[in-house]
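Structure data follow from start-v7.pdb (PDB, C-alpha atoms):
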```pdb
ATOM      1  CA  MET A  26     -15.733 -16.070  -1.370
ATOM      2  CA  ASN A  27     -18.296 -13.649   0.090
ATOM      3  CA  ILE A  28     -17.988  -9.855  -0.010
ATOM      4  CA  PRO A  29     -16.900  -9.266   3.648
ATOM      5  CA  THR A  30     -14.185 -11.943   3.366
ATOM      6  CA  SER A  31     -12.990 -10.472   0.065
ATOM      7  CA  LEU A  32     -12.823  -6.962   1.501
ATOM      8  CA  ALA A  33     -11.018  -8.285   4.590
ATOM      9  CA  ILE A  34      -8.366  -9.918   2.360
ATOM     10  CA  ILE A  35      -7.974  -6.698   0.359
ATOM     11  CA  ALA A  36      -7.696  -4.634   3.558
ATOM     12  CA  PHE A  37      -5.111  -7.019   5.027
ATOM     13  CA  ALA A  38      -3.072  -7.057   1.805
ATOM     14  CA  ALA A  39      -3.180  -3.240   1.795
ATOM     15  CA  LEU A  40      -1.982  -3.209   5.396
ATOM     16  CA  ILE A  41       1.015  -5.331   4.376
ATOM     17  CA  HIS A  42       1.646  -2.959   1.462
ATOM     18  CA  ALA A  43       1.492  -0.085   3.980
ATOM     19  CA  SER A  44       4.355  -1.604   5.976
ATOM     20  CA  PHE A  45       6.735  -1.233   3.000
ATOM     21  CA  GLN A  46       9.008   1.734   3.420
ATOM     22  CA  LEU A  47      10.348   3.156   0.160
ATOM     23  CA  SER A  48       7.654   5.826  -0.278
ATOM     24  CA  VAL A  49       7.924   6.702   3.430
ATOM     25  CA  SER A  50      11.711   7.141   3.084
ATOM     26  CA  VAL A  51      11.277   9.346   0.024
ATOM     27  CA  LEU A  52       8.606  11.455   1.737
ATOM     28  CA  THR A  53      10.849  11.892   4.800
ATOM     29  CA  LEU A  54      13.814  13.011   2.674
ATOM     30  CA  LEU A  55      11.649  15.249   0.497
ATOM     31  CA  SER A  56      10.307  17.002   3.599
ATOM     32  CA  ALA A  57      13.817  17.373   5.069
ATOM     33  CA  HIS A  58      15.112  18.905   1.824
ATOM     34  CA  THR A  59      12.151  21.254   1.486
ATOM     35  CA  ILE A  60      12.451  22.551   5.059
ATOM     36  CA  GLY A  61      16.254  22.755   4.750
ATOM     37  CA  ALA A  62      15.965  24.810   1.554
ATOM     38  CA  LYS A  63      14.014  27.463   3.530
ATOM     39  CA  HIS A  64      10.802  26.942   1.567
ATOM     40  CA  SER A  65       7.586  28.132   3.186
ATOM     41  CA  GLN A  66       5.259  25.837   5.124
ATOM     42  CA  SER A  67       2.668  26.117   2.317
ATOM     43  CA  LYS A  68       5.293  24.986  -0.213
ATOM     44  CA  LEU A  69       6.131  22.037   2.057
ATOM     45  CA  LEU A  70       2.448  21.096   2.274
ATOM     46  CA  HIS A  71       2.022  21.495  -1.488
ATOM     47  CA  LEU A  72       5.009  19.272  -2.337
ATOM     48  CA  THR A  73       4.212  16.586   0.214
ATOM     49  CA  ILE A  74       0.507  16.391  -0.688
ATOM     50  CA  SER A  75       1.467  16.171  -4.397
ATOM     51  CA  PHE A  76       3.814  13.308  -3.510
ATOM     52  CA  LEU A  77       1.045  11.597  -1.560
ATOM     53  CA  PHE A  78      -1.396  11.872  -4.480
ATOM     54  CA  GLY A  79       1.261  10.530  -6.847
ATOM     55  CA  ALA A  80       1.898   7.476  -4.659
ATOM     56  CA  GLY A  81      -1.854   6.893  -4.177
ATOM     57  CA  LEU A  82      -2.586   7.218  -7.896
ATOM     58  CA  MET A  83       0.187   4.813  -8.898
ATOM     59  CA  THR A  84      -1.132   2.264  -6.375
ATOM     60  CA  ILE A  85      -4.632   2.577  -7.873
ATOM     61  CA  LEU A  86      -3.275   2.333 -11.431
ATOM     62  CA  LEU A  87      -1.185  -0.738 -10.630
ATOM     63  CA  LEU A  88      -4.038  -2.531  -8.878
ATOM     64  CA  SER A  89      -6.517  -1.650 -11.653
ATOM     65  CA  PHE A  90      -4.081  -2.665 -14.407
ATOM     66  CA  ILE A  91      -3.281  -6.028 -12.828
ATOM     67  CA  SER A  92      -6.978  -6.676 -12.089
ATOM     68  CA  LEU A  93      -7.964  -5.875 -15.682
ATOM     69  CA  SER A  94      -5.170  -8.029 -17.086
ATOM     70  CA  LEU A  95      -6.160 -10.998 -14.898
ATOM     71  CA  LEU A  96      -9.839 -10.487 -15.780
ATOM     72  CA  ASN A  97      -9.035 -10.491 -19.502
ATOM     73  CA  ILE A  98      -6.872 -13.588 -19.226
ATOM     74  CA  PHE A  99      -8.886 -15.764 -16.813
ATOM     75  CA  GLY A 100     -12.312 -14.137 -16.507
ATOM     76  CA  SER A 101     -13.923 -13.815 -13.074
ATOM     77  CA  ASP A 102     -13.540 -17.565 -12.405
ATOM     78  CA  THR A 103      -9.805 -17.772 -11.799
ATOM     79  CA  PRO A 104      -8.288 -21.287 -12.209
ATOM     80  CA  GLN A 105      -6.965 -22.902  -9.038
ATOM     81  CA  ILE A 106      -3.464 -23.110 -10.468
ATOM     82  CA  VAL A 107      -3.340 -19.303 -10.595
ATOM     83  CA  TRP A 108      -4.349 -19.099  -6.922
ATOM     84  CA  ALA A 109      -1.668 -21.676  -6.111
ATOM     85  CA  VAL A 110       0.971 -19.669  -8.005
ATOM     86  CA  ALA A 111      -0.140 -16.451  -6.263
ATOM     87  CA  CYS A 112       0.106 -18.189  -2.864
ATOM     88  CA  GLY A 113       3.600 -19.403  -3.772
ATOM     89  CA  MET A 114       4.555 -15.853  -4.701
ATOM     90  CA  LEU A 115       3.284 -14.599  -1.317
ATOM     91  CA  GLY A 116       5.464 -17.176   0.448
ATOM     92  CA  GLY A 117       8.511 -16.345  -1.684
ATOM     93  CA  VAL A 118       8.183 -12.594  -1.185
ATOM     94  CA  ALA A 119       7.599 -13.141   2.571
ATOM     95  CA  ILE A 120      10.881 -15.061   2.894
ATOM     96  CA  SER A 121      12.772 -12.466   0.842
ATOM     97  CA  ILE A 122      11.394  -9.738   3.094
ATOM     98  CA  TRP A 123      12.511 -11.573   6.233
ATOM     99  CA  LEU A 124      15.970 -12.046   4.741
ATOM    100  CA  PHE A 125      16.639  -9.014   2.576
ATOM    101  CA  TYR A 126      14.185  -6.161   3.021
ATOM    102  CA  TYR A 127      16.586  -3.889   4.939
ATOM    103  CA  ARG A 128      20.291  -3.895   4.219
ATOM    104  CA  HIS A 129      22.338  -5.086   7.192
ATOM    105  CA  GLU A 130      23.755  -1.669   8.058
ATOM    106  CA  LYS A 131      22.898   1.492   9.984
ATOM    107  CA  GLY A 132      19.913   3.537   8.909
ATOM    108  CA  THR A 133      16.911   2.385   6.923
ATOM    109  CA  THR A 134      18.620   1.458   3.639
ATOM    110  CA  LEU A 135      16.406  -0.880   1.623
ATOM    111  CA  TRP A 136      17.181  -3.703  -0.798
ATOM    112  CA  VAL A 137      15.867  -1.729  -3.752
ATOM    113  CA  PRO A 138      18.173  -1.497  -6.799
ATOM    114  CA  ARG A 139      20.910   1.056  -5.997
ATOM    115  CA  GLY A 140      20.289   2.773  -9.345
ATOM    116  CA  VAL A 141      16.681   3.420  -8.331
ATOM    117  CA  ALA A 142      17.763   4.662  -4.897
ATOM    118  CA  SER A 143      20.312   7.116  -6.302
ATOM    119  CA  TYR A 144      17.835   8.272  -8.968
ATOM    120  CA  LEU A 145      15.287   8.970  -6.221
ATOM    121  CA  HIS A 146      17.966  10.805  -4.187
ATOM    122  CA  ASP A 147      18.813  13.060  -7.121
ATOM    123  CA  ARG A 148      15.146  13.706  -7.913
ATOM    124  CA  ILE A 149      14.385  14.578  -4.276
ATOM    125  CA  LYS A 150      17.155  17.203  -4.318
ATOM    126  CA  SER A 151      15.861  18.816  -7.496
ATOM    127  CA  THR A 152      12.154  18.688  -6.667
ATOM    128  CA  LYS A 153      10.843  22.265  -6.577
ATOM    129  CA  ILE A 154       7.307  22.099  -7.946
ATOM    130  CA  GLY A 155       4.197  20.024  -7.275
ATOM    131  CA  ALA A 156       4.357  18.156 -10.611
ATOM    132  CA  GLU A 157       7.864  16.905  -9.795
ATOM    133  CA  ALA A 158       6.772  15.782  -6.329
ATOM    134  CA  PHE A 159       3.751  14.062  -7.916
ATOM    135  CA  SER A 160       5.975  12.144 -10.349
ATOM    136  CA  LEU A 161       8.325  11.289  -7.478
ATOM    137  CA  GLY A 162       5.327   9.712  -5.721
ATOM    138  CA  LEU A 163       4.532   7.682  -8.843
ATOM    139  CA  THR A 164       8.162   6.540  -9.163
ATOM    140  CA  SER A 165       8.597   5.628  -5.504
ATOM    141  CA  VAL A 166       5.730   3.096  -5.748
ATOM    142  CA  LEU A 167       7.239   1.593  -8.918
ATOM    143  CA  GLY A 168      10.644   1.394  -7.202
ATOM    144  CA  GLU A 169       9.235  -1.063  -4.692
ATOM    145  CA  LEU A 170       7.359  -3.174  -7.223
ATOM    146  CA  LEU A 171       9.435  -6.273  -6.365
ATOM    147  CA  PHE A 172       7.839  -6.375  -2.906
ATOM    148  CA  ILE A 173       4.400  -4.811  -3.389
ATOM    149  CA  ILE A 174       3.587  -7.045  -6.355
ATOM    150  CA  ALA A 175       2.565  -9.919  -4.034
ATOM    151  CA  PRO A 176      -0.192  -8.138  -2.049
ATOM    152  CA  ILE A 177      -1.354  -6.341  -5.207
ATOM    153  CA  VAL A 178      -1.739  -9.578  -7.213
ATOM    154  CA  ILE A 179      -3.705 -11.271  -4.412
ATOM    155  CA  SER A 180      -5.945  -8.206  -4.072
ATOM    156  CA  ALA A 181      -6.468  -8.164  -7.841
ATOM    157  CA  LEU A 182      -7.447 -11.852  -7.851
ATOM    158  CA  VAL A 183      -9.954 -11.198  -5.071
ATOM    159  CA  LEU A 184     -11.232  -7.988  -6.696
ATOM    160  CA  ILE A 185     -12.146  -9.589 -10.036
ATOM    161  CA  GLN A 186     -14.512 -11.990  -8.292
ATOM    162  CA  LEU A 187     -16.524  -9.137  -6.802
ATOM    163  CA  PRO A 188     -19.535  -7.410  -8.405
ATOM    164  CA  ALA A 189     -18.539  -4.165 -10.228
ATOM    165  CA  PRO A 190     -19.553  -1.624  -7.521
ATOM    166  CA  TRP A 191     -17.684  -3.621  -4.870
ATOM    167  CA  GLN A 192     -14.605  -3.707  -7.098
ATOM    168  CA  LEU A 193     -14.501   0.075  -6.966
ATOM    169  CA  ILE A 194     -14.928   0.016  -3.176
ATOM    170  CA  GLY A 195     -12.170  -2.611  -2.924
ATOM    171  CA  ILE A 196      -9.766  -0.432  -4.937
ATOM    172  CA  ILE A 197     -10.545   2.610  -2.770
ATOM    173  CA  VAL A 198     -10.094   0.562   0.439
ATOM    174  CA  TYR A 199      -6.729  -0.723  -0.827
ATOM    175  CA  ALA A 200      -5.529   2.741  -1.877
ATOM    176  CA  ILE A 201      -6.504   4.390   1.427
ATOM    177  CA  ILE A 202      -5.017   1.701   3.688
ATOM    178  CA  SER A 203      -1.803   1.327   1.684
ATOM    179  CA  THR A 204      -1.144   5.081   1.752
ATOM    180  CA  LEU A 205      -2.022   5.411   5.456
ATOM    181  CA  PRO A 206       1.636   5.674   6.651
ATOM    182  CA  LEU A 207       2.226   8.453   4.115
ATOM    183  CA  ILE A 208      -0.895  10.260   5.330
ATOM    184  CA  ILE A 209       0.244   9.898   8.971
ATOM    185  CA  ILE A 210       3.736  11.215   8.166
ATOM    186  CA  TRP A 211       2.242  14.059   6.133
ATOM    187  CA  VAL A 212       0.073  15.034   9.127
ATOM    188  CA  LEU A 213       3.053  14.799  11.516
ATOM    189  CA  ILE A 214       5.301  16.921   9.296
ATOM    190  CA  SER A 215       2.545  19.448   8.586
ATOM    191  CA  SER A 216       1.907  19.858  12.303
ATOM    192  CA  GLY A 217       5.588  20.667  12.932
ATOM    193  CA  HIS A 218       6.943  17.338  14.195
ATOM    194  CA  SER A 219      10.672  16.815  13.857
ATOM    195  CA  ILE A 220      11.806  14.745  10.878
ATOM    196  CA  SER A 221      14.663  13.312  12.927
ATOM    197  CA  ASP A 222      12.109  11.921  15.429
ATOM    198  CA  ILE A 223      10.213  10.236  12.592
ATOM    199  CA  GLN A 224      13.448   8.801  11.177
ATOM    200  CA  LYS A 225      14.564   7.636  14.654
ATOM    201  CA  TRP A 226      11.251   5.810  15.102
ATOM    202  CA  ARG A 227      11.619   4.191  11.682
ATOM    203  CA  GLU A 228      15.183   3.127  12.386
ATOM    204  CA  SER A 229      14.466   1.670  15.805
ATOM    205  CA  ASN A 230      11.381  -0.236  14.574
ATOM    206  CA  LYS A 231      12.733  -1.454  11.255
ATOM    207  CA  THR A 232      13.203  -5.047  12.405
ATOM    208  CA  PHE A 233       9.639  -5.160  13.697
ATOM    209  CA  LEU A 234       8.266  -3.713  10.431
ATOM    210  CA  GLN A 235      10.299  -6.216   8.427
ATOM    211  CA  PHE A 236       9.092  -9.129  10.561
ATOM    212  CA  ALA A 237       5.484  -7.888  10.491
ATOM    213  CA  ALA A 238       5.435  -7.516   6.689
ATOM    214  CA  GLY A 239       6.882 -11.014   6.130
ATOM    215  CA  THR A 240       4.623 -12.627   8.715
ATOM    216  CA  GLY A 241       1.601 -10.791   7.323
ATOM    217  CA  LEU A 242       2.309 -12.236   3.877
ATOM    218  CA  ILE A 243       2.609 -15.761   5.329
ATOM    219  CA  ILE A 244      -0.714 -15.369   7.181
ATOM    220  CA  LEU A 245      -2.330 -14.050   3.998
ATOM    221  CA  MET A 246      -0.879 -16.975   2.034
ATOM    222  CA  PHE A 247      -2.366 -19.572   4.424
ATOM    223  CA  PHE A 248      -5.722 -17.796   4.576
ATOM    224  CA  VAL A 249      -6.055 -17.532   0.790
ATOM    225  CA  TYR A 250      -4.782 -21.086   0.331
ATOM    226  CA  ALA A 251      -7.344 -22.426   2.800
ATOM    227  CA  ASN A 252     -10.166 -20.307   1.416
ATOM    228  CA  GLU A 253      -9.604 -20.821  -2.287
ATOM    229  CA  LEU A 254      -7.923 -24.188  -2.611
ATOM    230  CA  LEU A 255      -8.619 -26.417   0.407
ATOM    231  CA  ILE A 256     -12.330 -25.539   0.679
ATOM    232  CA  GLU A 257     -12.744 -25.990  -3.094
ATOM    233  CA  VAL A 258     -11.021 -29.370  -3.010
ATOM    234  CA  ALA A 259     -12.990 -30.445   0.100
ATOM    235  CA  GLY A 260     -16.233 -29.461  -1.679
ATOM    236  CA  LYS A 261     -15.421 -31.775  -4.599
ATOM    237  CA  VAL A 262     -14.639 -34.774  -2.368
TER     238      VAL A 262
ATOM    239  CA  MET B  25      38.360  30.202   1.643
ATOM    240  CA  SER B  26      40.118  27.356  -0.179
ATOM    241  CA  LEU B  27      42.486  25.079   1.720
ATOM    242  CA  GLY B  28      43.748  23.357  -1.421
ATOM    243  CA  VAL B  29      42.440  19.994  -0.234
ATOM    244  CA  ASP B  30      41.035  17.566  -2.816
ATOM    245  CA  ILE B  31      37.813  15.729  -2.053
ATOM    246  CA  ILE B  32      37.591  12.257  -3.571
ATOM    247  CA  LYS B  33      33.908  11.678  -4.273
ATOM    248  CA  HIS B  34      32.122   8.326  -4.102
ATOM    249  CA  GLY B  35      35.377   6.351  -3.832
ATOM    250  CA  GLY B  36      36.663   7.880  -7.076
ATOM    251  CA  GLU B  37      33.515   7.164  -9.137
ATOM    252  CA  ARG B  38      32.834  10.897  -9.549
ATOM    253  CA  PRO B  39      35.413  13.565 -10.452
ATOM    254  CA  THR B  40      37.560  14.822  -7.563
ATOM    255  CA  GLU B  41      36.858  18.401  -6.531
ATOM    256  CA  ARG B  42      38.438  21.042  -4.331
ATOM    257  CA  TYR B  43      37.113  21.525  -0.798
ATOM    258  CA  LYS B  44      34.662  24.418  -0.693
ATOM    259  CA  ARG B  45      33.671  25.805   2.700
ATOM    260  CA  ASP B  46      30.426  27.254   1.333
ATOM    261  CA  LYS B  47      29.266  23.853   0.121
ATOM    262  CA  LEU B  48      29.876  22.187   3.495
ATOM    263  CA  ARG B  49      28.390  25.156   5.333
ATOM    264  CA  SER B  50      25.183  25.193   3.307
ATOM    265  CA  SER B  51      24.672  21.443   3.776
ATOM    266  CA  ILE B  52      24.981  21.856   7.555
ATOM    267  CA  VAL B  53      22.702  24.917   7.613
ATOM    268  CA  ALA B  54      20.119  22.953   5.579
ATOM    269  CA  THR B  55      20.302  19.998   7.981
ATOM    270  CA  CYS B  56      19.880  22.243  11.035
ATOM    271  CA  LEU B  57      16.924  23.969   9.395
ATOM    272  CA  SER B  58      15.436  20.536   8.593
ATOM    273  CA  VAL B  59      15.196  19.799  12.322
ATOM    274  CA  ARG B  60      13.496  23.205  12.709
ATOM    275  CA  ALA B  61      16.462  24.968  14.337
ATOM    276  CA  PRO B  62      16.284  28.780  14.058
ATOM    277  CA  GLU B  63      18.140  30.260  11.064
ATOM    278  CA  GLY B  64      20.660  32.216  13.180
ATOM    279  CA  GLN B  65      21.509  29.196  15.296
ATOM    280  CA  SER B  66      21.856  27.050  12.156
ATOM    281  CA  GLU B  67      24.378  29.473  10.657
ATOM    282  CA  ASP B  68      26.362  29.740  13.894
ATOM    283  CA  VAL B  69      26.521  25.961  14.258
ATOM    284  CA  ALA B  70      27.542  25.593  10.599
ATOM    285  CA  ASP B  71      30.418  28.068  11.088
ATOM    286  CA  LEU B  72      31.645  26.224  14.174
ATOM    287  CA  VAL B  73      31.509  22.864  12.399
ATOM    288  CA  CYS B  74      33.295  24.237   9.298
ATOM    289  CA  ASP B  75      36.068  25.680  11.514
ATOM    290  CA  ALA B  76      36.525  22.332  13.249
ATOM    291  CA  VAL B  77      36.521  20.423   9.948
ATOM    292  CA  GLU B  78      39.081  22.804   8.464
ATOM    293  CA  THR B  79      41.406  22.256  11.432
ATOM    294  CA  TRP B  80      41.267  18.542  10.592
ATOM    295  CA  LEU B  81      41.638  19.191   6.831
ATOM    296  CA  LYS B  82      44.874  21.168   7.346
ATOM    297  CA  LYS B  83      46.604  17.868   8.170
ATOM    298  CA  HIS B  84      45.604  16.282   4.835
ATOM    299  CA  SER B  85      46.120  16.971   1.150
ATOM    300  CA  GLU B  86      43.184  14.832   0.035
ATOM    301  CA  VAL B  87      40.258  13.174   1.824
ATOM    302  CA  THR B  88      37.191  11.227   0.720
ATOM    303  CA  SER B  89      33.739  12.824   0.768
ATOM    304  CA  HIS B  90      32.702  10.053   3.177
ATOM    305  CA  ASP B  91      35.476  11.004   5.642
ATOM    306  CA  LEU B  92      34.569  14.664   5.349
ATOM    307  CA  ARG B  93      30.956  13.857   6.131
ATOM    308  CA  THR B  94      31.900  11.628   9.077
ATOM    309  CA  VAL B  95      34.131  14.303  10.628
ATOM    310  CA  ALA B  96      31.503  17.001  10.040
ATOM    311  CA  ALA B  97      28.835  14.802  11.671
ATOM    312  CA  ARG B  98      31.109  14.148  14.669
ATOM    313  CA  HIS B  99      31.566  17.884  15.268
ATOM    314  CA  LEU B 100      27.918  18.670  14.534
ATOM    315  CA  LYS B 101      26.969  16.188  17.257
ATOM    316  CA  LYS B 102      28.650  18.441  19.860
ATOM    317  CA  PHE B 103      26.604  21.476  18.860
ATOM    318  CA  HIS B 104      23.309  19.982  17.666
ATOM    319  CA  PRO B 105      22.871  16.207  18.223
ATOM    320  CA  GLU B 106      19.468  16.069  16.513
ATOM    321  CA  ALA B 107      20.815  17.696  13.350
ATOM    322  CA  ALA B 108      23.863  15.409  13.487
ATOM    323  CA  TYR B 109      21.587  12.384  13.509
ATOM    324  CA  LEU B 110      19.764  13.591  10.396
ATOM    325  CA  TYR B 111      23.078  14.523   8.736
ATOM    326  CA  GLU B 112      24.372  10.974   9.286
ATOM    327  CA  GLN B 113      21.096   9.472   8.049
ATOM    328  CA  HIS B 114      21.009  11.433   4.815
ATOM    329  CA  ARG B 115      22.742   8.775   2.702
ATOM    330  CA  ILE B 116      21.282   5.784   4.534
ATOM    331  CA  THR B 117      17.572   6.574   4.466
ATOM    332  CA  ILE B 118      16.659   4.879   1.155
TER     333      ILE B 118
END
```
Go ahead and express the file in the form of structure tokens.
Amino acid sequence: MNIPTSLAIIAFAALIHASFQLSVSVLTLLSAHTIGAKHSQSKLLHLTISFLFGAGLMTILLLSFISLSLLNIFGSDTPQIVWAVACGMLGGVAISIWLFYYRHEKGTTLWVPRGVASYLHDRIKSTKIGAEAFSLGLTSVLGELLFIIAPIVISALVLIQLPAPWQLIGIIVYAIISTLPLIIIWVLISSGHSISDIQKWRESNKTFLQFAAGTGLIILMFFVYANELLIEVAGKV
Amino acid sequence: MSLGVDIIKHGGERPTERYKRDKLRSSIVATCLSVRAPEGQSEDVADLVCDAVETWLKKHSEVTSHDLRTVAARHLKKFHPEAAYLYEQHRITI
């Protein structure tokens, strides 16, 4: 796989990751609580930017950790069976997203474990300082691990085939694209947009986001399958 | 002011507590402020909603926290629909 194709796969996987909504929900609630508690605009900016850095850092750590683990286990020449398993995981996660990602009720309630959701709720209420918001960002990414694991594993498999400097670029590309919705919401909230408008948009477009994330994973699965398995097999024939 | 009404929380999973006007009022003020309503308007709206909720509470000896929230949201909708939307969404965002 050449470098542009690899980076395109990483960027597309990051775009799918970006369509997942747990961190966005937490950021929306955190902003609502901070404004409602009569904190200053600078406090709001401080807490939300800390949250954003936390979410970005956890994404980088997860991607780096999985890449390093795969590199140690398989080396840079990943066996085809691993690609096949990763493609299967993409398909499985895609179907679960189509079926389960949002709960079938009003609002934007997600199929994350209820314990995690109520823990996040309680933490949002008690977040007063930047360090707490930062750790909330870290936790919110972990809370959605069941769904984000698929694009992260595929990106990691692609990353370990790249030369070292391009691996770093790949990680940065993934981190920036996957945190793009958080950056957009941060900009909107900082510039005085109403949180209820943001939430209304999220609620009215949730079916589209759910469909787009699942379909994106299916497209990624076919692309990776064709690129890594079919071409390889065709080359041997 | 205490009306002597018990609030059953989370379907009985958490301990029941007495209705406290201040608690309801501050949650409504916070929601109004969250949608960037001015502080004075937020407090006025919160008082109106609390009055309306208390009229409803007088007919009951105990209510669930969910019912209390639903009734408060219904009255808040009359005075500040945007805040009411956010108030309803609070528990169904994550």
- Query: Could you state the separation of atom CA of Leu40 of chain A and atom CA of Tyr199 of chain A in Å, given to one decimal place?
  - Reply: 8.2 Å
Can you spell out as a compact mmCIF listing (two decimals) with C-alpha atoms, in the coordinates of the input the set of residues that the PyMOL selection byres ((chain B and resi 96-112) around 7) selects in the structure I just provided?
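To be explicit, this is the file written out as part_38.txt:
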```txt
# COMPACT_ATOMS: atom_id res chain seq x y z
CA SER A 221 14.66 13.31 12.93
CA THR B 55 20.30 20.00 7.98
CA CYS B 56 19.88 22.24 11.04
CA VAL B 59 15.20 19.80 12.32
CA VAL B 69 26.52 25.96 14.26
CA VAL B 73 31.51 22.86 12.40
CA ALA B 76 36.52 22.33 13.25
CA VAL B 77 36.52 20.42 9.95
CA LEU B 92 34.57 14.66 5.35
CA ARG B 93 30.96 13.86 6.13
CA THR B 94 31.90 11.63 9.08
CA VAL B 95 34.13 14.30 10.63
CA GLN B 113 21.10 9.47 8.05
CA HIS B 114 21.01 11.43 4.82
```
- Chain and number of each residue from the PyMOL selection byres ((chain A and resi 50-67) around 6), as a list in words: Leu47, Ser48, Val49, Lys68, Leu69, Leu70 and Ile149 of chain A; Ala54, Thr55, Leu57, Ser58 and Ile118 of chain B
Produce the centre coordinates and the three edge lengths, each in Å to one decimal, of the box along x, y and z that contains all listed atoms of segment 53-68 of chain B with 5 Å added on each side, as lines of an AutoDock Vina configuration file.
```
center_x = 19.9
center_y = 26.0
center_z = 10.4
size_x = 22.9
size_y = 22.4
size_z = 19.7
```
- Query: So how far away is atom CA of Phe45 of chain A from atom CA of Leu254 of chain A, in Å?
  - Reply: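 A separation of 27.8 Å between them.
Counting all atoms listed in the file and comparing B:Glu63, B:Ser85, B:Ala70, B:Asp75, the residue that lies closest to chain A is B:Glu63.
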- Written as a ChimeraX atom specification, what is the full residue list that the PyMOL selection byres ((chain A and resi 148) around 12) yields on the file shown? /A:51-52,54-55,58,141-147,149-154,156-162,164-165
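Here atom CA of Ile98 of chain A stands at a distance of 18.1 Å from atom CA of Leu86 of chain A.
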Which residues, written as a PDB file with C-alpha atoms, keeping the file's coordinate frame, have at least one atom at most 12 Å from Ile208 of chain A, with only C-alpha atoms counted and residues fewer than 5 positions away on the same chain left out?
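Contents of result.pdb, as written:
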```pdb
ATOM      1  CA  ALA A  43       1.492  -0.085   3.980  1.00  0.00           C
ATOM      2  CA  SER A  48       7.654   5.826  -0.278  1.00  0.00           C
ATOM      3  CA  VAL A  49       7.924   6.702   3.430  1.00  0.00           C
ATOM      4  CA  LEU A  52       8.606  11.455   1.737  1.00  0.00           C
ATOM      5  CA  THR A  53      10.849  11.892   4.800  1.00  0.00           C
ATOM      6  CA  LEU A  70       2.448  21.096   2.274  1.00  0.00           C
ATOM      7  CA  THR A  73       4.212  16.586   0.214  1.00  0.00           C
ATOM      8  CA  ILE A  74       0.507  16.391  -0.688  1.00  0.00           C
ATOM      9  CA  SER A  75       1.467  16.171  -4.397  1.00  0.00           C
ATOM     10  CA  PHE A  76       3.814  13.308  -3.510  1.00  0.00           C
ATOM     11  CA  LEU A  77       1.045  11.597  -1.560  1.00  0.00           C
ATOM     12  CA  PHE A  78      -1.396  11.872  -4.480  1.00  0.00           C
ATOM     13  CA  ALA A  80       1.898   7.476  -4.659  1.00  0.00           C
ATOM     14  CA  GLY A  81      -1.854   6.893  -4.177  1.00  0.00           C
ATOM     15  CA  ALA A 200      -5.529   2.741  -1.877  1.00  0.00           C
ATOM     16  CA  ILE A 201      -6.504   4.390   1.427  1.00  0.00           C
ATOM     17  CA  ILE A 202      -5.017   1.701   3.688  1.00  0.00           C
ATOM     18  CA  SER A 203      -1.803   1.327   1.684  1.00  0.00           C
ATOM     19  CA  LEU A 213       3.053  14.799  11.516  1.00  0.00           C
ATOM     20  CA  ILE A 214       5.301  16.921   9.296  1.00  0.00           C
ATOM     21  CA  SER A 215       2.545  19.448   8.586  1.00  0.00           C
TER      22      SER A 215
END
```
- Task: Show which residues sit within 12 Å of Leu234 of chain A, as a list in words. Count only C-alpha atoms, and ignore same-chain residues fewer than 2 positions away.
- Result: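 Result of the neighbour search: Leu40, Ile41, His42, Ala43, Ser44, Phe45, Gln46, Ile122, Trp123, Tyr126, Tyr127, Thr133, Trp226, Arg227, Glu228, Ser229, Asn230, Lys231, Thr232, Phe236, Ala237, Ala238, Gly239, Thr240 and Gly241 of chain A.
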- Of the candidates B:Leu72, B:Trp80, B:Glu41, B:Arg60, which one gets nearest to His218 of chain A if we count all atoms listed in the file?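 Using all atoms listed in the file, His218 of chain A sits closest to B:Arg60.
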- Note on the structure: Min atom-atom distance to Phe37 of chain A from the set A:Leu124, A:Phe99, A:Pro176, A:Leu193, counting all atoms listed in the file, belongs to A:Pro176
